[in-house]
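For reference, run28.cif (mmCIF, C-alpha atoms):
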data_protein
loop_
_atom_site.label_atom_id
_atom_site.label_comp_id
_atom_site.auth_asym_id
_atom_site.auth_seq_id
_atom_site.Cartn_x
_atom_site.Cartn_y
_atom_site.Cartn_z
CA MET A 1 103.96 103.69 137.29
CA GLY A 2 104.02 99.89 137.51
CA LEU A 3 106.02 97.68 135.12
CA PHE A 4 102.97 96.70 133.07
CA ASP A 5 101.81 100.31 132.74
CA LYS A 6 105.32 101.38 131.74
CA LEU A 7 105.51 98.61 129.13
CA LYS A 8 102.01 99.40 127.88
CA SER A 9 102.91 103.07 127.53
CA GLY A 10 106.04 102.15 125.59
CA LEU A 11 104.03 100.02 123.18
CA LYS A 12 101.63 102.81 122.21
CA LYS A 13 102.93 103.21 118.65
CA THR A 14 102.70 99.46 118.00
CA ARG A 15 99.26 99.35 119.60
CA ASP A 16 98.04 102.36 117.58
CA GLY A 17 99.24 100.73 114.36
CA PHE A 18 99.36 96.96 114.58
CA ALA A 19 96.57 96.21 117.08
CA ALA A 20 94.32 99.05 115.92
CA ASN A 21 94.56 97.77 112.35
CA ILE A 22 93.58 94.28 113.47
CA ARG A 23 90.61 95.62 115.44
CA GLY A 24 89.53 97.69 112.47
CA LEU A 25 89.85 94.67 110.21
CA VAL A 26 87.72 92.30 112.29
CA ASN A 27 85.10 95.01 112.77
CA SER A 28 84.83 95.45 109.01
CA PHE A 29 84.06 91.77 108.33
CA THR A 30 80.86 89.91 109.09
CA LYS A 31 82.33 86.46 108.52
CA ILE A 32 85.69 84.69 108.66
CA ASP A 33 86.86 84.06 105.11
CA GLU A 34 90.04 83.96 103.03
CA GLU A 35 89.91 87.68 102.28
CA LEU A 36 90.05 88.40 106.00
CA PHE A 37 93.08 86.11 106.33
CA GLN A 38 94.85 87.83 103.45
CA GLU A 39 94.37 91.26 104.99
CA LEU A 40 95.40 89.97 108.40
CA GLU A 41 98.60 88.56 106.92
CA GLU A 42 99.37 91.96 105.39
CA ILE A 43 98.93 93.67 108.78
CA LEU A 44 101.26 91.16 110.46
CA ILE A 45 103.94 91.59 107.81
CA MET A 46 103.67 95.39 107.96
CA ALA A 47 104.33 95.17 111.72
CA ASP A 48 107.56 93.28 110.90
CA VAL A 49 106.30 89.98 112.26
CA GLY A 50 107.86 88.52 109.11
CA THR A 51 106.48 86.38 106.30
CA ALA A 52 107.39 82.99 107.79
CA THR A 53 106.18 83.82 111.31
CA SER A 54 102.99 85.40 109.97
CA ALA A 55 102.27 82.23 107.99
CA ARG A 56 102.76 80.09 111.10
CA ILE A 57 100.46 82.31 113.15
CA LEU A 58 97.74 82.17 110.52
CA ASP A 59 98.07 78.39 110.09
CA LYS A 60 97.54 77.97 113.83
CA LEU A 61 94.64 80.43 113.75
CA ARG A 62 92.96 78.46 110.96
CA GLY A 63 93.32 75.31 113.04
CA VAL A 64 91.79 76.91 116.12
CA ILE A 65 88.91 78.39 114.13
CA LYS A 66 88.13 74.99 112.62
CA GLU A 67 88.51 73.17 115.92
CA LYS A 68 86.24 75.57 117.83
CA GLY A 69 83.85 76.22 114.96
CA LEU A 70 84.27 79.99 115.24
CA LYS A 71 82.16 82.16 112.94
CA ASP A 72 82.42 85.67 114.36
CA PRO A 73 85.52 87.67 113.28
CA ALA A 74 85.48 89.44 116.66
CA ASN A 75 86.65 86.16 118.25
CA ILE A 76 89.89 86.24 116.28
CA ILE A 77 91.68 88.73 118.54
CA GLU A 78 91.63 86.57 121.67
CA GLU A 79 92.76 83.56 119.67
CA LEU A 80 95.57 85.59 118.10
CA LYS A 81 96.72 86.70 121.55
CA SER A 82 96.80 83.10 122.78
CA ILE A 83 98.76 81.92 119.73
CA MET A 84 101.30 84.72 120.09
CA LYS A 85 101.78 84.08 123.80
CA GLU A 86 102.32 80.39 123.09
CA MET A 87 104.93 81.20 120.42
CA MET A 88 106.83 83.35 122.92
CA ALA A 89 106.66 80.94 125.84
CA GLY A 90 110.45 80.48 126.09
CA ASP A 91 112.66 81.27 129.07
CA ASN A 92 112.90 85.06 129.21
CA ILE A 93 114.49 85.15 132.69
CA LEU A 94 118.09 86.32 132.96
CA ASP A 95 120.35 83.77 134.67
CA ILE A 96 122.29 85.66 137.34
CA SER A 97 122.28 82.82 139.86
CA THR A 98 125.99 82.92 140.77
CA VAL A 99 128.16 85.49 142.52
CA PRO A 100 129.54 86.92 140.41
CA SER A 101 127.47 86.41 137.30
CA VAL A 102 128.69 87.71 133.95
CA ILE A 103 126.73 89.55 131.27
CA LEU A 104 128.54 89.97 127.96
CA VAL A 105 126.88 92.62 125.81
CA ILE A 106 127.29 92.57 122.02
CA GLY A 107 125.79 94.48 119.10
CA VAL A 108 126.63 96.86 116.29
CA ASN A 109 127.33 100.53 116.90
CA GLY A 110 124.25 102.73 117.02
CA VAL A 111 121.76 100.29 118.56
CA GLY A 112 122.12 101.77 122.06
CA LYS A 113 124.60 99.24 123.44
CA THR A 114 126.45 101.60 125.80
CA THR A 115 123.19 103.11 127.07
CA THR A 116 121.76 99.62 127.56
CA ILE A 117 124.72 98.63 129.74
CA GLY A 118 124.23 101.74 131.85
CA LYS A 119 120.52 101.05 132.24
CA LEU A 120 121.11 97.39 133.11
CA ALA A 121 123.64 98.50 135.74
CA ALA A 122 121.06 100.90 137.19
CA TYR A 123 118.42 98.16 137.18
CA PHE A 124 120.64 95.80 139.16
CA THR A 125 122.04 98.38 141.59
CA GLY A 126 118.44 99.39 142.18
CA GLN A 127 117.89 95.84 143.43
CA GLY A 128 120.78 96.25 145.85
CA LYS A 129 123.31 94.34 143.76
CA LYS A 130 126.94 95.36 143.36
CA VAL A 131 127.88 95.83 139.71
CA VAL A 132 131.23 96.08 137.93
CA ILE A 133 131.30 97.26 134.31
CA GLY A 134 134.14 96.28 131.98
CA ALA A 135 134.77 98.87 129.24
CA ALA A 136 136.03 96.37 126.67
CA ASP A 137 134.95 98.36 123.62
CA THR A 138 138.43 99.84 123.43
CA PHE A 139 138.11 100.93 119.81
CA ARG A 140 136.06 103.98 120.78
CA ALA A 141 137.21 106.35 123.51
CA ALA A 142 133.68 107.80 123.57
CA ALA A 143 132.25 104.41 124.57
CA ILE A 144 134.54 104.30 127.61
CA ASP A 145 133.63 107.87 128.60
CA GLN A 146 129.91 107.18 128.23
CA LEU A 147 130.16 104.05 130.36
CA GLU A 148 131.86 106.02 133.13
CA ILE A 149 129.03 108.57 133.12
CA TRP A 150 126.38 105.85 133.28
CA ALA A 151 128.31 103.98 135.96
CA ARG A 152 128.42 107.05 138.19
CA ARG A 153 124.67 107.49 137.81
CA ALA A 154 124.06 103.84 138.59
CA GLY A 155 126.54 103.56 141.45
CA ALA A 156 128.57 100.90 139.63
CA ASP A 157 132.34 100.47 139.30
CA VAL A 158 134.13 100.70 135.95
CA VAL A 159 137.20 98.73 134.87
CA LYS A 160 139.00 100.24 131.89
CA GLN A 161 142.27 100.55 130.02
CA GLY A 162 143.36 103.00 127.36
CA GLU A 163 141.91 103.34 123.88
CA GLY A 164 143.19 100.55 121.64
CA ALA A 165 143.92 98.16 124.50
CA ASP A 166 143.25 94.43 124.13
CA PRO A 167 139.51 93.91 124.92
CA ALA A 168 140.24 90.46 126.37
CA ALA A 169 142.70 92.07 128.79
CA VAL A 170 139.97 94.45 129.98
CA VAL A 171 137.62 91.50 130.50
CA PHE A 172 140.39 89.73 132.45
CA ASP A 173 140.74 92.77 134.72
CA THR A 174 136.95 92.94 135.08
CA CYS A 175 136.73 89.30 136.18
CA LYS A 176 139.49 89.88 138.73
CA ALA A 177 137.81 93.05 140.01
CA ALA A 178 134.41 91.36 140.28
CA THR A 179 135.94 88.64 142.46
CA ALA A 180 138.05 90.98 144.59
CA ARG A 181 135.20 93.44 145.16
CA ARG A 182 132.63 90.69 145.73
CA ALA A 183 130.44 92.03 142.97
CA ASP A 184 127.17 90.31 142.16
CA ILE A 185 127.34 91.04 138.44
CA ALA A 186 130.07 91.89 135.93
CA ILE A 187 128.76 93.53 132.75
CA CYS A 188 131.26 93.56 129.88
CA ASP A 189 130.98 95.81 126.84
CA THR A 190 132.40 94.63 123.49
CA ALA A 191 133.34 96.27 120.21
CA GLY A 192 130.36 97.32 118.13
CA ARG A 193 132.08 96.90 114.82
CA LEU A 194 135.03 94.81 113.66
CA HIS A 195 136.33 94.42 110.14
CA ASN A 196 134.69 91.11 109.32
CA LYS A 197 132.97 88.08 110.85
CA LYS A 198 136.26 86.30 111.46
CA ASN A 199 137.57 89.24 113.50
CA LEU A 200 134.36 89.32 115.46
CA MET A 201 134.42 85.59 116.07
CA ASP A 202 138.07 85.65 117.14
CA GLU A 203 137.52 88.59 119.50
CA LEU A 204 134.45 87.08 121.16
CA SER A 205 136.19 83.69 121.39
CA LYS A 206 139.13 85.26 123.24
CA ILE A 207 136.80 87.07 125.62
CA ASN A 208 134.75 83.94 126.32
CA LYS A 209 137.91 81.94 127.04
CA VAL A 210 139.03 84.55 129.56
CA ILE A 211 135.65 84.47 131.32
CA LYS A 212 135.59 80.66 131.47
CA ARG A 213 139.15 80.52 132.75
CA GLU A 214 138.82 83.24 135.39
CA LEU A 215 135.22 82.60 136.47
CA PRO A 216 134.57 78.95 135.54
CA GLN A 217 131.53 78.59 137.79
CA ALA A 218 129.87 81.87 136.82
CA SER A 219 126.51 82.06 135.10
CA THR A 220 127.20 83.82 131.80
CA GLU A 221 124.66 85.58 129.63
CA VAL A 222 125.51 86.82 126.13
CA LEU A 223 123.01 89.55 125.32
CA LEU A 224 122.65 90.95 121.81
CA VAL A 225 121.37 94.53 121.72
CA LEU A 226 119.03 95.30 118.81
CA ASP A 227 117.27 98.51 117.80
CA ALA A 228 113.54 97.84 117.42
CA THR A 229 113.13 100.77 115.02
CA THR A 230 115.21 98.94 112.39
CA GLY A 231 112.54 96.25 112.06
CA ARG A 232 113.59 93.30 109.92
CA ASN A 233 117.19 94.52 109.92
CA ALA A 234 117.27 93.67 113.62
CA VAL A 235 116.38 90.06 112.77
CA ASN A 236 119.17 89.98 110.18
CA GLN A 237 121.67 91.32 112.72
CA ALA A 238 120.64 88.64 115.19
CA ARG A 239 121.08 85.98 112.51
CA ASP A 240 124.56 87.30 111.64
CA PHE A 241 125.71 87.37 115.27
CA SER A 242 124.24 83.91 115.89
CA ALA A 243 126.53 82.60 113.16
CA VAL A 244 129.65 83.59 115.10
CA THR A 245 128.70 83.24 118.77
CA ASP A 246 126.12 81.68 121.07
CA ILE A 247 123.53 84.26 122.13
CA THR A 248 121.49 83.61 125.26
CA GLY A 249 119.15 86.58 124.97
CA ILE A 250 118.12 89.78 123.23
CA VAL A 251 117.82 93.30 124.57
CA LEU A 252 115.46 95.21 122.29
CA THR A 253 115.93 98.98 122.57
CA LYS A 254 113.77 101.91 121.39
CA LEU A 255 110.59 99.83 121.40
CA ASP A 256 108.66 102.97 122.24
CA GLY A 257 109.87 104.61 119.02
CA THR A 258 108.36 102.17 116.54
CA ALA A 259 105.00 100.84 115.40
CA LYS A 260 106.72 97.58 114.41
CA GLY A 261 106.93 95.84 117.77
CA GLY A 262 105.92 92.65 115.96
CA VAL A 263 109.64 92.12 115.35
CA VAL A 264 109.74 90.55 118.84
CA LEU A 265 107.63 87.67 117.51
CA ALA A 266 109.91 87.24 114.51
CA ILE A 267 113.05 87.12 116.66
CA GLU A 268 111.67 84.50 119.02
CA ASP A 269 109.99 82.38 116.33
CA GLU A 270 112.64 82.48 113.58
CA LEU A 271 115.79 82.49 115.69
CA HIS A 272 114.59 80.86 118.93
CA ILE A 273 116.45 83.47 120.98
CA PRO A 274 114.47 84.82 123.94
CA VAL A 275 114.03 88.55 124.41
CA LYS A 276 115.14 89.24 128.00
CA PHE A 277 114.96 93.04 128.32
CA VAL A 278 113.23 95.82 126.40
CA GLY A 279 113.88 99.54 126.36
CA VAL A 280 110.74 101.69 126.30
CA GLY A 281 112.16 105.16 126.95
CA GLU A 282 115.24 107.24 127.61
CA LYS A 283 115.33 107.04 131.40
CA ALA A 284 117.31 104.42 133.30
CA GLU A 285 114.11 102.97 134.73
CA ASP A 286 112.74 102.46 131.21
CA MET A 287 114.81 99.28 130.74
CA LEU A 288 112.39 96.49 131.70
CA PRO A 289 112.70 92.71 132.07
CA PHE A 290 110.69 91.17 129.25
CA ASP A 291 107.39 89.47 130.01
CA ALA A 292 105.80 87.83 126.94
CA GLU A 293 102.27 87.81 128.33
CA ALA A 294 102.46 91.45 129.43
CA PHE A 295 103.91 92.34 126.02
CA ILE A 296 101.02 90.80 124.09
CA GLU A 297 98.43 92.23 126.48
CA GLY A 298 100.15 95.60 126.20
CA ILE A 299 99.86 95.56 122.42
CA PHE A 300 96.15 94.78 122.37
CA ASP A 301 94.95 96.53 125.55
CA ASN A 302 93.61 99.91 124.42
CA GLU A 303 91.18 100.32 127.31
CA HIS A 304 92.86 103.42 128.76
CA ASP A 305 94.34 104.99 125.62
#
For the file at hand, write its structure as structure tokens.
Amino acid sequence: MGLFDKLKSGLKKTRDGFAANIRGLVNSFTKIDEELFQELEEILIMADVGTATSARILDKLRGVIKEKGLKDPANIIEELKSIMKEMMAGDNILDISTVPSVILVIGVNGVGKTTTIGKLAAYFTGQGKKVVIGAADTFRAAAIDQLEIWARRAGADVVKQGEGADPAAVVFDTCKAATARRADIAICDTAGRLHNKKNLMDELSKINKVIKRELPQASTEVLLVLDATTGRNAVNQARDFSAVTDITGIVLTKLDGTAKGGVVLAIEDELHIPVKFVGVGEKAEDMLPFDAEAFIEGIFDNEHD
């Protein structure tokens, strides 16, 4: 199965809800009027696109309809697709241009952070890259054990210390190992939950200082893992993390398990953080690099369903 087909398959619940509702709506109207816009706004909000983003989409849609003189509601879908693609036209490509490059993975417990690291490792080793994983979530012994299992599957190395060790010390060891072993990518786990924002900020600050000191020339991505099934809560988590650290990208997990894939639009529009990977299944190969155009086409393309 190709990447587009895999993404399309993973978006089935969103397509069956969000896009099917839009198709049903435009087919039930014979003209474009305010009632149609009100119902369209409700569909967008129900798909967790968000109130503010939905309003922006509809404002742009009104402008296009007026500019082109559109009368037929059936024309709305293609215009919606174009508007959504334009809103998501940021840089979704992961920067791993140096050897080694560093990927720092953050997120609360329960979003699939450990699994995401394992799948990312498998994705990169599948491209022939050498990967070192730093088990810097030292607050949970289970996280370290899970990373070792995923690393074995992926053919990646793991750098670890004991439970309760200083996370920054693990990251230091990981940077050293990545250099010594000539790894292409170092992926560092971080604690999923600390007592408050100050603790989180201090911990991430220490880790970032270690990375900059030990690998000053390395491309560094800070990826926030979010669970798509939590909808608007995912946006709130992203906003909270953005307040304490710079985030370069989002990994959205469990996209196949929700009909509210519209949260991708909200994240990119409200927070201006690009989605860089999406998880659309349980297998390692179900972690896909994000493609905004393929995502929008995948939501609306019901030709083979």
Name the residues that the PyMOL selection byres ((chain A and resi 13-26) around 8) pulls out of this structure, and write them as a PyMOL selection string.
chain A and resi 10-12+27-30+36+39-40+43-44+47+73-74+76-77+256-262+298-302
Please list as a ChimeraX atom specification every residue within 8 Å of region 175-181 of chain A, counting all atoms listed in the file and excluding residues in the same chain fewer than 2 positions away.
/A:100,131-132,159,171-173,183-186,211,214-215
To one decimal in Å, tell me the separation between CA of Asp189 (chain A) and CA of Ile247 (chain A).
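So the answer is 14.5 Å.
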From the list A:Ile250, A:Val280, A:Leu255, A:Ala122, the nearest residue to Thr229 (chain A) using all atoms listed in the file is A:Leu255
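Using all atoms listed in the file, the contacts of region 268-278 of chain A at a cut-off of 6 Å, with sequence neighbours closer than 6 positions omitted, comprise A:Asn92, A:Gly249, A:Ile250, A:Val251, A:Leu252, A:Thr253, A:Met287, A:Leu288, A:Pro289, A:Phe290.
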Between CA of Val264 (chain A) and CA of Glu78 (chain A), what is the distance, to one decimal in Å?
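Taking CA of Val264 (chain A) and CA of Glu78 (chain A), their separation equals 18.8 Å.
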Distance query 12 Å from (135.9, 82.0, 132.3) using only C-alpha atoms, result as a ChimeraX atom specification
/A:100-104,168,171-172,174-176,205-220
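Comparing A:Phe295, A:Tyr123, A:Gly155, A:Arg232 by their smallest distance to Thr51 (chain A), the closest is A:Arg232 (using only C-alpha atoms).
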Just the number, please: distance in Å from CA of Ala165 (chain A) to CA of Ala121 (chain A), one decimal.
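For CA of Ala165 (chain A) relative to CA of Ala121 (chain A), the distance reads 23.2 Å.
Nearest residue to Lys130 (chain A) among A:Lys81, A:Lys254, A:Arg182, A:Lys8 is A:Arg182, counting all atoms listed in the file.
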Test item: the PyMOL selection byres ((chain A and resi 136) around 12) resolved as a PyMOL selection string:
chain A and resi 104-106+114+117+133-135+137-141+143-145+147+158-175+186-192+203-204+207
Kindly indicate which residue among A:Lys60, A:Leu94, A:Ala243, A:Lys31 lies nearest to Phe124 (chain A), using only C-alpha atoms for the distances.
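Of all the options, A:Leu94 lies closest to Phe124 (chain A).
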